[in-house]
Structures are given as C-alpha cells and as structure tokens.
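Note sheet for the following structure.
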Amino acid sequence: MLRIVLKSAAYGLVGLIVTPIVVSIVVLIAAHLLDPRCGTPGDSGGCEMGAVGIGMLSALPGLAIGVAFALLQTYRRRTK
C-alpha cells in the first residue's frame with residue numbers, strides 16, 4: 001500500500017511540474033502563430049501572460065493525471 005502511495009505521489013509530482021510547462025509552451029506557440037500582434041512592441045506581454053496563466057491553471061489537472069496514471073499502471077499490473 002505504501003508503495004502505491006509513493007508511486008502515485010511521484011507520478012503526481014511529475015505531472016504537477018511537467019504539465020504546466022508543456023501547456024504554456026503549446027499555448028505560446030499557438031498564440032504567436034494565430035495572432036499577428038503577439039510579440040510586437042504594442043502587445044506589452046499580453047500573449048505571454050495568457051500562456052503563463054493557462055499554464056498555472058493546468059497544474060492541478062496535471063497532478064490528477066499523474067496520480068491516475070500511476071493508479072492505472074498499478075491496477076493493470078495486479079490484474080495480470
């Protein structure tokens with residue numbers, strides 16, 4: 001049981017760290033490709049702050065995805 005909790009915590013921590021980074025980069029790339037005003041002097045960092053905001057909001061879902069992935073792996077391993 002302790003092993004499952006530790007594995008879930010580790011995968012959750014990885015999800016908590018990796019998901020916001022990936023989401024921020026994807027949103028920033030999409031913003032620069034779809035909005036010609038992004039990155040111009042008149043933008044004043046609006047696109048970048050939007051990417052950071054969405055990245056911060058994706059931290060908890062990333063944690064949940066990491067924990068769910070660890071639990072799914074454990075469940076599959078035990079049913080074999």
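Ordering of the structure tokens sets the chain letters (A, B, ...); residue numbers start at 1 within each chain; ligands are numbered from 1 in the order shown.
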
Next item on the list: Using backbone DSSP assignments, extract all helix (DSSP H, G or I) residues from chain A; output them as an MDAnalysis selection string.
Entry: chainID A and resid 2:34 46:57 59:79

Item checked: Selection: 12 Å around A:Leu57, only C-alpha atoms, excl. self and same-chain fewer than 5 positions, as a list in words -> Leu16, Thr19, Pro20, Ile21, Val23, Ser24, Gly50, Ala51, Val52, Gly62 and Leu63 of chain A

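Here the question is which of A:Ala70, A:Ser58, A:Asp35, A:Arg78 gets nearest to A:Ile17 using only C-alpha atoms, and that residue is A:Ser58.
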
Check: Within 10 Å of A:Ala64, counting only C-alpha atoms, which residues qualify if same-chain residues fewer than 2 places away don't, as a list of chain:residue names?
Finding: A:Ser8, A:Tyr11, A:Gly12, A:Leu13, A:Gly15, A:Leu16, A:Ala59, A:Leu60, A:Pro61, A:Gly62, A:Gly66, A:Val67, A:Ala68, A:Phe69, A:Ala70
